[in-house]
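Novice: Contents of work09.txt (compact mmCIF, C-alpha atoms) are below:
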# COMPACT_ATOMS: atom_id res chain seq x y z
CA MET A 1110 -5.20 -22.66 -3.31
CA ALA A 1111 -8.66 -23.25 -1.85
CA THR A 1112 -7.05 -25.65 0.62
CA VAL A 1113 -4.57 -23.03 1.75
CA HIS A 1114 -7.36 -20.47 2.04
CA ARG A 1115 -9.57 -22.82 4.04
CA ARG A 1116 -6.99 -24.46 6.27
CA GLY A 1117 -4.58 -21.58 6.81
CA PHE A 1118 -1.10 -21.36 5.37
CA SER A 1119 0.83 -22.36 8.49
CA THR A 1120 -1.11 -25.55 9.16
CA VAL A 1121 -1.18 -26.94 5.65
CA GLY A 1122 1.63 -29.22 4.46
CA VAL A 1123 3.22 -29.54 1.03
CA ARG A 1124 1.78 -33.07 0.77
CA GLU A 1125 -1.72 -31.72 1.34
CA ILE A 1126 -1.25 -28.91 -1.19
CA THR A 1127 -0.12 -31.27 -3.94
CA ALA A 1128 -2.89 -33.78 -3.11
CA ALA A 1129 -5.53 -31.03 -3.35
CA ALA A 1130 -4.04 -29.90 -6.65
CA GLY A 1131 -3.92 -33.50 -7.90
CA VAL A 1132 -0.21 -33.33 -8.74
CA ALA A 1133 2.82 -35.29 -7.60
CA GLN A 1134 4.79 -33.88 -4.67
CA GLY A 1135 7.86 -33.63 -6.92
CA SER A 1136 6.10 -31.10 -9.12
CA PHE A 1137 5.92 -28.79 -6.11
CA THR A 1138 9.59 -29.09 -5.24
CA ASN A 1139 10.49 -28.55 -8.92
CA HIS A 1140 8.79 -25.16 -8.79
CA PHE A 1141 9.29 -23.91 -5.27
CA ALA A 1142 12.36 -24.13 -3.07
CA SER A 1143 10.21 -23.89 0.06
CA LYS A 1144 6.68 -23.49 1.33
CA GLU A 1145 7.61 -19.86 2.00
CA GLU A 1146 8.41 -19.31 -1.68
CA PHE A 1147 5.06 -20.91 -2.53
CA GLY A 1148 3.38 -18.49 -0.08
CA VAL A 1149 4.90 -15.53 -1.89
CA ALA A 1150 3.71 -16.98 -5.23
CA ILE A 1151 0.17 -17.33 -3.84
CA LEU A 1152 0.28 -13.68 -2.79
CA ASP A 1153 1.56 -12.64 -6.24
CA HIS A 1154 -1.42 -14.40 -7.79
CA TYR A 1155 -3.83 -12.96 -5.22
CA PHE A 1156 -2.69 -9.38 -5.69
CA GLU A 1157 -2.77 -9.80 -9.48
CA GLU A 1158 -6.43 -10.80 -9.26
CA ASN A 1159 -6.99 -7.83 -6.99
CA ARG A 1160 -5.32 -5.57 -9.59
CA THR A 1161 -8.00 -6.69 -12.08
CA ILE A 1162 -10.72 -5.66 -9.62
CA ILE A 1163 -8.96 -2.32 -9.06
CA ALA A 1164 -8.72 -1.68 -12.80
CA ARG A 1165 -12.45 -2.36 -13.26
CA THR A 1166 -13.59 -0.26 -10.33
CA LEU A 1167 -11.17 2.26 -8.79
CA GLU A 1168 -9.67 3.09 -12.19
CA ASP A 1169 -12.95 3.18 -14.10
CA GLU A 1170 -13.04 6.85 -15.07
CA SER A 1171 -16.59 6.57 -16.37
CA ARG A 1172 -17.73 6.61 -12.73
CA ARG A 1173 -17.56 9.40 -10.17
CA PRO A 1174 -14.89 8.90 -7.45
CA GLU A 1175 -17.22 7.80 -4.64
CA GLU A 1176 -18.97 5.38 -7.01
CA ARG A 1177 -15.57 3.88 -7.87
CA LEU A 1178 -14.85 3.21 -4.21
CA ARG A 1179 -18.31 1.69 -3.73
CA ALA A 1180 -17.87 -0.46 -6.86
CA TYR A 1181 -14.62 -1.85 -5.42
CA PHE A 1182 -16.16 -2.76 -2.05
CA ASP A 1183 -19.29 -4.17 -3.74
CA THR A 1184 -17.22 -6.36 -6.06
CA VAL A 1185 -15.24 -7.79 -3.15
CA THR A 1186 -18.50 -8.26 -1.22
CA ASP A 1187 -19.85 -10.42 -4.08
CA LEU A 1188 -16.75 -12.64 -3.85
CA LEU A 1189 -17.13 -12.94 -0.08
CA ALA A 1190 -20.84 -13.77 -0.48
CA ALA A 1191 -19.93 -16.62 -2.85
CA ALA A 1192 -17.94 -18.15 0.04
CA GLU A 1193 -20.93 -17.61 2.37
CA TRP A 1194 -19.01 -15.10 4.52
CA ARG A 1195 -16.69 -17.86 5.80
CA TYR A 1196 -13.46 -16.68 4.19
CA GLY A 1197 -12.12 -13.16 4.45
CA CYS A 1198 -9.29 -11.51 2.61
CA MET A 1199 -6.46 -13.98 1.99
CA ALA A 1200 -3.86 -11.24 2.36
CA GLY A 1201 -5.35 -10.40 5.76
CA ASN A 1202 -5.21 -14.03 6.83
CA MET A 1203 -1.64 -14.40 5.61
CA ALA A 1204 -0.80 -11.11 7.32
CA LEU A 1205 -1.93 -12.37 10.70
CA GLU A 1206 -0.80 -15.95 10.56
CA ALA A 1207 2.25 -16.18 8.31
CA SER A 1208 3.88 -12.75 8.36
CA GLU A 1209 5.08 -13.41 11.90
CA HIS A 1210 7.16 -16.38 10.77
CA SER A 1211 8.37 -15.28 7.37
CA GLU A 1212 10.01 -12.03 6.38
CA PRO A 1213 9.48 -12.55 2.58
CA ILE A 1214 5.75 -13.17 3.16
CA ARG A 1215 5.46 -10.14 5.44
CA GLU A 1216 7.17 -7.95 2.82
CA ARG A 1217 4.98 -9.28 0.00
CA VAL A 1218 1.81 -8.66 2.06
CA ASN A 1219 2.93 -5.10 2.82
CA GLU A 1220 3.84 -4.37 -0.78
CA GLY A 1221 0.46 -5.67 -1.96
CA LEU A 1222 -1.52 -3.76 0.65
CA ARG A 1223 0.37 -0.56 -0.13
CA GLY A 1224 -0.70 -0.97 -3.77
CA VAL A 1225 -4.38 -1.10 -2.76
CA GLU A 1226 -4.02 1.88 -0.39
CA SER A 1227 -2.35 3.85 -3.09
CA ALA A 1228 -5.20 3.11 -5.55
CA PHE A 1229 -7.65 4.39 -2.91
CA ALA A 1230 -5.52 7.51 -2.38
CA THR A 1231 -5.58 8.25 -6.12
CA VAL A 1232 -9.38 8.09 -6.17
CA ILE A 1233 -9.53 10.44 -3.18
CA ARG A 1234 -7.20 12.91 -4.91
CA GLU A 1235 -9.35 12.79 -8.05
CA GLY A 1236 -12.47 13.30 -5.93
CA GLN A 1237 -10.87 16.33 -4.33
CA ALA A 1238 -9.89 17.76 -7.71
CA ALA A 1239 -13.52 17.27 -8.83
CA GLY A 1240 -14.80 19.00 -5.67
CA GLU A 1241 -16.51 15.78 -4.54
CA PHE A 1242 -14.42 15.23 -1.38
CA PRO A 1243 -13.24 17.90 1.11
CA ALA A 1244 -9.84 19.42 0.28
CA GLU A 1245 -8.63 18.98 3.87
CA LEU A 1246 -8.62 15.15 3.71
CA ASP A 1247 -5.15 13.65 3.58
CA PRO A 1248 -5.51 11.21 0.63
CA ASP A 1249 -2.73 8.86 1.76
CA GLU A 1250 -3.93 8.65 5.34
CA VAL A 1251 -7.58 8.22 4.36
CA GLY A 1252 -6.58 5.64 1.73
CA ALA A 1253 -4.78 3.63 4.42
CA LEU A 1254 -7.73 3.96 6.81
CA LEU A 1255 -10.16 2.70 4.17
CA LEU A 1256 -8.15 -0.48 3.75
CA GLU A 1257 -7.60 -0.97 7.49
CA ALA A 1258 -11.27 -0.54 8.41
CA TRP A 1259 -12.30 -2.80 5.53
CA HIS A 1260 -9.95 -5.53 6.78
CA GLY A 1261 -11.46 -5.19 10.26
CA ALA A 1262 -14.95 -5.49 8.76
CA MET A 1263 -13.93 -8.66 6.87
CA LEU A 1264 -12.45 -10.15 10.04
CA ARG A 1265 -15.73 -9.62 11.89
CA MET A 1266 -17.76 -10.83 8.92
CA LYS A 1267 -15.80 -14.05 9.13
CA THR A 1268 -16.33 -14.67 12.85
CA GLU A 1269 -20.03 -13.74 12.69
CA ARG A 1270 -20.51 -15.38 9.26
CA SER A 1271 -22.64 -12.39 8.41
CA PRO A 1272 -22.42 -9.53 5.92
CA ALA A 1273 -23.53 -6.98 8.57
CA PRO A 1274 -20.00 -5.59 9.21
CA LEU A 1275 -19.49 -5.01 5.45
CA ALA A 1276 -22.85 -3.24 5.19
CA ARG A 1277 -21.98 -1.11 8.24
CA PHE A 1278 -18.65 -0.14 6.67
CA LYS A 1279 -20.40 1.07 3.50
CA ARG A 1280 -23.36 2.71 5.18
CA ILE A 1281 -21.67 4.55 8.06
CA PHE A 1282 -17.88 4.48 7.84
CA LEU A 1283 -17.48 5.37 4.17
CA PRO A 1284 -19.53 8.62 4.13
CA SER A 1285 -18.16 9.57 7.54
CA ILE A 1286 -14.48 9.20 6.61
CA LEU A 1287 -15.00 10.90 3.25
CA GLY A 1288 -16.39 13.89 5.12
CA ARG A 1289 -19.75 13.71 3.43
CA SER A 1290 -22.87 14.70 5.27
CA GLN A 1291 -25.50 12.01 5.53
CA PRO A 1292 -29.18 12.23 6.39
CA ALA A 1293 -29.77 11.18 10.00
CA HIS A 1294 -32.31 8.50 9.02
CA GLU A 1295 -29.65 6.67 6.96
CA ARG A 1296 -27.32 6.38 9.94
CA LYS A 1297 -29.88 4.35 11.88
CA MET B 1384 0.29 -18.62 26.50
CA ALA B 1385 3.11 -16.58 24.95
CA THR B 1386 3.90 -19.61 22.78
CA VAL B 1387 0.34 -19.79 21.52
CA HIS B 1388 0.33 -16.05 20.88
CA ARG B 1389 3.61 -16.16 19.02
CA ARG B 1390 3.18 -19.35 17.04
CA GLY B 1391 -0.54 -19.25 16.35
CA PHE B 1392 -3.09 -21.56 17.89
CA SER B 1393 -3.52 -23.95 14.95
CA THR B 1394 0.17 -24.71 14.52
CA VAL B 1395 1.12 -25.24 18.13
CA GLY B 1396 0.85 -28.75 19.62
CA VAL B 1397 -0.10 -29.80 23.17
CA ARG B 1398 3.46 -31.06 23.69
CA GLU B 1399 4.84 -27.65 22.82
CA ILE B 1400 2.34 -25.86 25.09
CA THR B 1401 3.23 -28.01 28.10
CA ALA B 1402 6.97 -27.74 27.37
CA ALA B 1403 6.73 -23.93 27.24
CA ALA B 1404 4.76 -23.94 30.51
CA GLY B 1405 7.30 -26.32 32.08
CA VAL B 1406 4.64 -28.86 33.07
CA ALA B 1407 4.07 -32.53 32.26
CA GLN B 1408 1.83 -33.29 29.31
CA GLY B 1409 -0.51 -35.19 31.66
CA SER B 1410 -1.27 -31.98 33.54
CA PHE B 1411 -2.75 -30.61 30.30
CA THR B 1412 -4.96 -33.61 29.64
CA ASN B 1413 -6.10 -33.54 33.29
CA HIS B 1414 -7.47 -30.05 32.76
CA PHE B 1415 -8.58 -29.93 29.16
CA ALA B 1416 -10.40 -32.57 27.13
CA SER B 1417 -9.01 -31.11 23.89
CA LYS B 1418 -6.90 -28.35 22.44
CA GLU B 1419 -10.19 -26.70 21.48
CA GLU B 1420 -11.28 -26.58 25.12
CA PHE B 1421 -7.89 -25.08 25.98
CA GLY B 1422 -8.46 -22.47 23.25
CA VAL B 1423 -11.76 -21.45 24.82
CA ALA B 1424 -10.03 -21.22 28.24
CA ILE B 1425 -7.34 -18.94 26.75
CA LEU B 1426 -10.08 -16.72 25.35
CA ASP B 1427 -11.86 -16.64 28.75
CA HIS B 1428 -8.62 -15.45 30.33
CA TYR B 1429 -7.96 -12.96 27.55
CA PHE B 1430 -11.41 -11.37 27.72
CA GLU B 1431 -11.20 -11.23 31.54
CA GLU B 1432 -8.00 -9.20 31.26
CA ASN B 1433 -9.73 -7.03 28.68
CA ARG B 1434 -12.64 -6.53 31.13
CA THR B 1435 -10.13 -5.04 33.59
CA ILE B 1436 -8.96 -2.56 30.94
CA ILE B 1437 -12.60 -1.70 30.13
CA ALA B 1438 -13.40 -1.09 33.82
CA ARG B 1439 -10.41 1.25 34.17
CA THR B 1440 -11.07 3.21 31.00
CA LEU B 1441 -14.50 2.95 29.33
CA GLU B 1442 -16.26 2.73 32.69
CA ASP B 1443 -14.22 5.41 34.44
CA GLU B 1444 -16.92 7.99 35.06
CA SER B 1445 -14.39 10.57 36.24
CA ARG B 1446 -13.52 11.08 32.54
CA ARG B 1447 -15.58 12.56 29.76
CA PRO B 1448 -16.86 10.00 27.20
CA GLU B 1449 -14.37 10.72 24.40
CA GLU B 1450 -11.51 10.63 26.94
CA ARG B 1451 -12.70 7.20 28.08
CA LEU B 1452 -12.53 5.87 24.53
CA ARG B 1453 -9.08 7.38 24.06
CA ALA B 1454 -7.91 5.92 27.40
CA TYR B 1455 -8.99 2.45 26.23
CA PHE B 1456 -7.15 2.67 22.91
CA ASP B 1457 -4.08 4.21 24.59
CA THR B 1458 -3.94 1.44 27.19
CA VAL B 1459 -4.09 -1.25 24.51
CA THR B 1460 -1.47 0.66 22.50
CA ASP B 1461 0.90 0.49 25.49
CA LEU B 1462 0.49 -3.29 25.60
CA LEU B 1463 1.14 -3.57 21.86
CA ALA B 1464 4.22 -1.33 22.19
CA ALA B 1465 5.62 -3.67 24.85
CA ALA B 1466 5.55 -6.45 22.21
CA GLU B 1467 7.25 -4.10 19.72
CA TRP B 1468 4.18 -4.06 17.42
CA ARG B 1469 4.74 -7.71 16.53
CA TYR B 1470 1.63 -9.18 18.15
CA GLY B 1471 -1.86 -7.85 17.61
CA CYS B 1472 -5.05 -8.69 19.41
CA MET B 1473 -5.15 -12.36 20.36
CA ALA B 1474 -8.90 -12.50 19.84
CA GLY B 1475 -8.39 -11.16 16.32
CA ASN B 1476 -5.74 -13.77 15.61
CA MET B 1477 -7.91 -16.56 16.99
CA ALA B 1478 -10.84 -15.15 15.02
CA LEU B 1479 -9.01 -15.49 11.73
CA GLU B 1480 -7.10 -18.68 12.25
CA ALA B 1481 -9.08 -20.87 14.65
CA SER B 1482 -12.71 -19.80 14.34
CA GLU B 1483 -12.86 -21.46 10.93
CA HIS B 1484 -12.11 -24.88 12.42
CA SER B 1485 -13.89 -24.73 15.75
CA GLU B 1486 -17.45 -23.69 16.49
CA PRO B 1487 -16.86 -23.28 20.30
CA ILE B 1488 -13.87 -21.00 19.62
CA ARG B 1489 -15.83 -18.98 17.07
CA GLU B 1490 -18.71 -18.54 19.52
CA ARG B 1491 -16.38 -17.53 22.37
CA VAL B 1492 -14.63 -14.97 20.12
CA ASN B 1493 -17.99 -13.49 19.08
CA GLU B 1494 -19.28 -13.36 22.65
CA GLY B 1495 -16.10 -11.59 23.79
CA LEU B 1496 -16.09 -9.10 20.93
CA ARG B 1497 -19.78 -8.31 21.49
CA GLY B 1498 -18.90 -7.44 25.09
CA VAL B 1499 -16.30 -4.90 23.95
CA GLU B 1500 -18.64 -3.41 21.31
CA SER B 1501 -21.36 -3.07 23.89
CA ALA B 1502 -19.00 -1.22 26.29
CA PHE B 1503 -18.19 1.19 23.42
CA ALA B 1504 -21.91 1.64 22.69
CA THR B 1505 -22.57 2.53 26.35
CA VAL B 1506 -19.91 5.26 26.25
CA ILE B 1507 -21.44 6.63 23.05
CA ARG B 1508 -24.91 6.73 24.63
CA GLU B 1509 -23.50 8.54 27.67
CA GLY B 1510 -21.69 10.98 25.39
CA GLN B 1511 -24.93 11.66 23.55
CA ALA B 1512 -26.79 12.21 26.83
CA ALA B 1513 -24.05 14.68 27.84
CA GLY B 1514 -24.32 16.47 24.49
CA GLU B 1515 -20.75 15.49 23.59
CA PHE B 1516 -21.64 13.28 20.59
CA PRO B 1517 -24.29 13.94 17.91
CA ALA B 1518 -27.71 12.53 18.72
CA GLU B 1519 -28.05 10.98 15.25
CA LEU B 1520 -25.23 8.44 15.77
CA ASP B 1521 -26.45 4.88 16.18
CA PRO B 1522 -24.54 3.81 19.33
CA ASP B 1523 -24.60 0.07 18.57
CA GLU B 1524 -23.49 0.48 14.96
CA VAL B 1525 -20.77 3.00 15.83
CA GLY B 1526 -19.64 0.80 18.75
CA ALA B 1527 -19.23 -2.13 16.34
CA LEU B 1528 -17.41 0.05 13.79
CA LEU B 1529 -14.96 1.27 16.44
CA LEU B 1530 -13.97 -2.30 17.25
CA GLU B 1531 -13.81 -3.39 13.61
CA ALA B 1532 -11.63 -0.49 12.49
CA TRP B 1533 -9.39 -0.94 15.54
CA HIS B 1534 -8.88 -4.62 14.63
CA GLY B 1535 -7.97 -3.60 11.10
CA ALA B 1536 -5.47 -1.08 12.46
CA MET B 1537 -3.88 -3.75 14.68
CA LEU B 1538 -3.64 -6.13 11.72
CA ARG B 1539 -1.76 -3.55 9.70
CA MET B 1540 0.39 -2.55 12.69
CA LYS B 1541 1.46 -6.17 12.87
CA THR B 1542 2.42 -6.53 9.21
CA GLU B 1543 4.21 -3.17 9.12
CA ARG B 1544 5.61 -3.56 12.65
CA SER B 1545 4.77 0.09 13.12
CA PRO B 1546 2.39 2.05 15.35
CA ALA B 1547 1.37 4.32 12.43
CA PRO B 1548 -2.00 2.57 11.81
CA LEU B 1549 -2.94 2.92 15.51
CA ALA B 1550 -2.01 6.62 15.46
CA ARG B 1551 -4.03 7.10 12.26
CA PHE B 1552 -7.05 5.42 13.86
CA LYS B 1553 -6.91 7.81 16.84
CA ARG B 1554 -6.09 10.95 14.87
CA ILE B 1555 -8.47 10.63 11.92
CA PHE B 1556 -10.94 7.76 12.30
CA LEU B 1557 -12.02 8.46 15.88
CA PRO B 1558 -13.05 12.12 15.51
CA SER B 1559 -14.54 11.41 12.09
CA ILE B 1560 -16.78 8.52 13.20
CA LEU B 1561 -17.83 10.36 16.35
CA GLY B 1562 -19.03 13.19 14.13
CA ARG B 1563 -16.72 15.75 15.68
CA SER B 1564 -15.29 18.51 13.59
CA GLN B 1565 -11.54 18.63 13.49
CA PRO B 1566 -9.18 21.43 12.49
CA ALA B 1567 -7.80 20.81 9.00
CA HIS B 1568 -4.17 21.03 10.17
CA GLU B 1569 -4.70 18.04 12.49
CA ARG B 1570 -5.91 15.86 9.62
CA LYS B 1571 -2.60 16.20 7.82
Once you've parsed the file, please lay out its structure as structure tokens.
Specialist:
Amino acid sequence: MATVHRRGFSTVGVREITAAAGVAQGSFTNHFASKEEFGVAILDHYFEENRTIIARTLEDESRRPEERLRAYFDTVTDLLAAAEWRYGCMAGNMALEASEHSEPIRERVNEGLRGVESAFATVIREGQAAGEFPAELDPDEVGALLLEAWHGAMLRMKTERSPAPLARFKRIFLPSILGRSQPAHERK
Amino acid sequence: MATVHRRGFSTVGVREITAAAGVAQGSFTNHFASKEEFGVAILDHYFEENRTIIARTLEDESRRPEERLRAYFDTVTDLLAAAEWRYGCMAGNMALEASEHSEPIRERVNEGLRGVESAFATVIREGQAAGEFPAELDPDEVGALLLEAWHGAMLRMKTERSPAPLARFKRIFLPSILGRSQPAHERK
């Protein structure tokens, strides 16, 4: 999977995948009818791992809603740091490069991303019920925006090989979109 | 260029590029020492076209600052509509798929994106001088965030093949990040 992540799904061949995994090429074709089917399986695995992060952060009711959101973004940041800011979100990469050529991959990416958005929206609703976020926020729209802006930050992190876009997202975008006032000196 | 845009830079071969352009393969190798050099030339062309959009929108001093920003995003939206929401920003695509494998492409992408960010930052400074935007915004940071969130919106537009993420960016993100109050009914 590291090979696919590093090289990009479209450019990597089945031979290269099996070589990196140290298995015979036949063991690939026994499991997957096509590279496309393998791509969907990669996404299944990826979104399952992401579900674990969601459960530990966004669904951790011992934390206040905004802390849950920050815990999610901080956990992903730690994973991105481990790859030295060179690799962004695999779903985002697959979205841009493979979803154009494959309808099953595009659908799996969308389904997975909608799951993340929806987990954000739930936290926003709970924050509203607790009086932590303004009642006039639309939880679904703001949930979608959180994910979109975060993907854009990861894209830029990758080209700059720098965590600055992720820090900017947390420091400026997050309080701004959640309608929370912020001391002027923190915006600098 | 349409072929590169559609197929992705990493997967397309020189033979395919020259076939799509209806020229002999030798005419490619006469002009470009490598596919990488061709990639940088594509980006030069792309960012030049983007400069024209910037001049007509962000630098149009007959409009108020927020209108200039909206004119930029609306102009790009029209281009994305013409491709039926299937193709996002080429620089974003190149950023994710090619910048990993090529240092010159990564540098050209960064240089181009910094130019766009800086044009946003100038509009924000002018809006602050005119009293249209809050003085406490950091123009460079907000300029970078505008571009990052817009890239994320285009990524999602592409996977969903829908303009909804672009509309959400303009309706909710833009007024929120610019620190402008917004009637609750418009946030719905």
Novice: Compute the set of chain B residues within 9 Å of chain A, using only C-alpha atoms, and express it as a PDB file with C-alpha atoms, keeping the file's coordinate frame.
Specialist:
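Output (part13.pdb):
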ATOM      1  CA  ARG B1389       3.610 -16.160  19.020  1.00  0.00           C
ATOM      2  CA  ARG B1390       3.180 -19.350  17.040  1.00  0.00           C
ATOM      3  CA  GLY B1391      -0.540 -19.250  16.350  1.00  0.00           C
ATOM      4  CA  SER B1393      -3.520 -23.950  14.950  1.00  0.00           C
ATOM      5  CA  THR B1394       0.170 -24.710  14.520  1.00  0.00           C
ATOM      6  CA  ARG B1469       4.740  -7.710  16.530  1.00  0.00           C
ATOM      7  CA  TYR B1470       1.630  -9.180  18.150  1.00  0.00           C
ATOM      8  CA  GLY B1471      -1.860  -7.850  17.610  1.00  0.00           C
ATOM      9  CA  GLY B1475      -8.390 -11.160  16.320  1.00  0.00           C
ATOM     10  CA  ASN B1476      -5.740 -13.770  15.610  1.00  0.00           C
ATOM     11  CA  ALA B1478     -10.840 -15.150  15.020  1.00  0.00           C
ATOM     12  CA  LEU B1479      -9.010 -15.490  11.730  1.00  0.00           C
ATOM     13  CA  GLU B1480      -7.100 -18.680  12.250  1.00  0.00           C
ATOM     14  CA  SER B1482     -12.710 -19.800  14.340  1.00  0.00           C
ATOM     15  CA  GLU B1483     -12.860 -21.460  10.930  1.00  0.00           C
ATOM     16  CA  HIS B1484     -12.110 -24.880  12.420  1.00  0.00           C
ATOM     17  CA  ARG B1489     -15.830 -18.980  17.070  1.00  0.00           C
ATOM     18  CA  GLU B1490     -18.710 -18.540  19.520  1.00  0.00           C
ATOM     19  CA  VAL B1492     -14.630 -14.970  20.120  1.00  0.00           C
ATOM     20  CA  ASN B1493     -17.990 -13.490  19.080  1.00  0.00           C
ATOM     21  CA  GLU B1519     -28.050  10.980  15.250  1.00  0.00           C
ATOM     22  CA  LEU B1520     -25.230   8.440  15.770  1.00  0.00           C
ATOM     23  CA  ASP B1521     -26.450   4.880  16.180  1.00  0.00           C
ATOM     24  CA  GLU B1524     -23.490   0.480  14.960  1.00  0.00           C
ATOM     25  CA  VAL B1525     -20.770   3.000  15.830  1.00  0.00           C
ATOM     26  CA  ALA B1527     -19.230  -2.130  16.340  1.00  0.00           C
ATOM     27  CA  LEU B1528     -17.410   0.050  13.790  1.00  0.00           C
ATOM     28  CA  LEU B1530     -13.970  -2.300  17.250  1.00  0.00           C
ATOM     29  CA  GLU B1531     -13.810  -3.390  13.610  1.00  0.00           C
ATOM     30  CA  ALA B1532     -11.630  -0.490  12.490  1.00  0.00           C
ATOM     31  CA  TRP B1533      -9.390  -0.940  15.540  1.00  0.00           C
ATOM     32  CA  HIS B1534      -8.880  -4.620  14.630  1.00  0.00           C
ATOM     33  CA  GLY B1535      -7.970  -3.600  11.100  1.00  0.00           C
ATOM     34  CA  ALA B1536      -5.470  -1.080  12.460  1.00  0.00           C
ATOM     35  CA  MET B1537      -3.880  -3.750  14.680  1.00  0.00           C
ATOM     36  CA  LEU B1538      -3.640  -6.130  11.720  1.00  0.00           C
ATOM     37  CA  ARG B1539      -1.760  -3.550   9.700  1.00  0.00           C
ATOM     38  CA  LYS B1541       1.460  -6.170  12.870  1.00  0.00           C
ATOM     39  CA  THR B1542       2.420  -6.530   9.210  1.00  0.00           C
ATOM     40  CA  GLU B1543       4.210  -3.170   9.120  1.00  0.00           C
ATOM     41  CA  PRO B1548      -2.000   2.570  11.810  1.00  0.00           C
ATOM     42  CA  ARG B1551      -4.030   7.100  12.260  1.00  0.00           C
ATOM     43  CA  PHE B1552      -7.050   5.420  13.860  1.00  0.00           C
ATOM     44  CA  ILE B1555      -8.470  10.630  11.920  1.00  0.00           C
ATOM     45  CA  PHE B1556     -10.940   7.760  12.300  1.00  0.00           C
ATOM     46  CA  SER B1559     -14.540  11.410  12.090  1.00  0.00           C
ATOM     47  CA  ILE B1560     -16.780   8.520  13.200  1.00  0.00           C
ATOM     48  CA  LEU B1561     -17.830  10.360  16.350  1.00  0.00           C
ATOM     49  CA  GLY B1562     -19.030  13.190  14.130  1.00  0.00           C
ATOM     50  CA  PRO B1566      -9.180  21.430  12.490  1.00  0.00           C
ATOM     51  CA  ALA B1567      -7.800  20.810   9.000  1.00  0.00           C
ATOM     52  CA  HIS B1568      -4.170  21.030  10.170  1.00  0.00           C
ATOM     53  CA  ARG B1570      -5.910  15.860   9.620  1.00  0.00           C
ATOM     54  CA  LYS B1571      -2.600  16.200   7.820  1.00  0.00           C
TER      55      LYS B1571
END
Novice: Please work out which residues fall within 12 Å of (-8.0, 11.6, -9.5), coordinates as given in the file, with only C-alpha atoms counting, and return them as a list in words.
Specialist: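 The residues near that point, listed by chain and number, are Leu1167, Glu1168, Asp1169, Glu1170, Arg1172, Arg1173, Pro1174, Glu1175, Arg1177, Ser1227, Ala1228, Phe1229, Ala1230, Thr1231, Val1232, Ile1233, Arg1234, Glu1235, Gly1236, Gln1237, Ala1238, Ala1239, Gly1240, Glu1241, Phe1242 and Pro1248 of chain A.
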Novice: Could you please determine the separation between CA of Ala1402 (chain B) and CA of Arg1124 (chain A) in Å, to one decimal place?
Specialist: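 CA of Ala1402 (chain B) sits 27.6 Å away from CA of Arg1124 (chain A).
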Novice: Figure out the distance between CA of Ala1464 (chain B) and CA of Thr1435 (chain B), please, to one decimal in Å.
Specialist: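 For CA of Thr1435 (chain B) relative to CA of Ala1464 (chain B), the distance reads 18.7 Å.
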Novice: Report, in Å to a single decimal, how far apart CA of Ile1163 (chain A) and CA of Leu1189 (chain A) are.
Specialist: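 CA of Ile1163 (chain A) lies 16.1 Å from CA of Leu1189 (chain A).
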Novice: Within 8 Å of region 1407-1421 of chain B, counting only C-alpha atoms, which residues qualify if same-chain residues fewer than 2 places away don't, as a list of chain:residue names?
Specialist: B:Val1397, B:Arg1398, B:Thr1401, B:Ala1402, B:Gly1405, B:Val1423, B:Ala1424, B:Ile1425, B:Ser1485, B:Pro1487, B:Ile1488
Novice: May I have the centre and edge lengths, in Å to one decimal, of an axis-aligned box around the listed atoms of region 1177-1194 of chain A with 5 Å added to every side, as lines of an AutoDock Vina configuration file?
Specialist:
center_x = -17.8
center_y = -7.1
center_z = -1.7
size_x = 16.3
size_y = 32.0
size_z = 22.4
Novice: Point out the residue among A:Pro1272, A:Gly1252, A:Gly1148, A:Gly1122 with the least atom-to-atom distance to Ala1200 (chain A), counting all atoms listed in the file.
Specialist: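 Ranked by minimum distance to Ala1200 (chain A), first place goes to A:Gly1148.
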Novice: Between B:Glu1431, B:Glu1467, B:Glu1450, B:Glu1399, which residue has the minimum interatomic distance to Gly1498 (chain B), considering only C-alpha atoms?
Specialist: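 Closest to Gly1498 (chain B) of all the choices is B:Glu1431.
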Novice: Which residue out of A:Leu1178, A:Val1132, A:Ala1276, A:Val1185 has the minimum interatomic distance to Ile1162 (chain A) when only C-alpha atoms are used?
Specialist: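 Looking only at the distances to Ile1162 (chain A), the closest residue turns out to be A:Val1185.
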Novice: Missing atoms in region 1159-1163 of chain A should be modelled up to N, CA, C and O atoms and reported as a compact mmCIF listing (two decimals), keeping the file's coordinate frame.
Specialist:
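Writing the result to out09.txt gives the following:
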# COMPACT_ATOMS: atom_id res chain seq x y z
N ASN A 1159 -6.48 -9.05 -7.59
CA ASN A 1159 -6.99 -7.83 -6.99
C ASN A 1159 -6.75 -6.63 -7.91
O ASN A 1159 -7.58 -5.72 -8.00
N ARG A 1160 -5.63 -6.64 -8.62
CA ARG A 1160 -5.32 -5.57 -9.59
C ARG A 1160 -6.42 -5.50 -10.67
O ARG A 1160 -6.81 -4.42 -11.11
N THR A 1161 -6.92 -6.66 -11.09
CA THR A 1161 -8.00 -6.69 -12.08
C THR A 1161 -9.25 -6.01 -11.52
O THR A 1161 -9.91 -5.22 -12.21
N ILE A 1162 -9.56 -6.30 -10.26
CA ILE A 1162 -10.72 -5.66 -9.62
C ILE A 1162 -10.50 -4.15 -9.54
O ILE A 1162 -11.39 -3.35 -9.84
N ILE A 1163 -9.28 -3.76 -9.16
CA ILE A 1163 -8.96 -2.32 -9.06
C ILE A 1163 -9.13 -1.64 -10.41
O ILE A 1163 -9.73 -0.56 -10.52
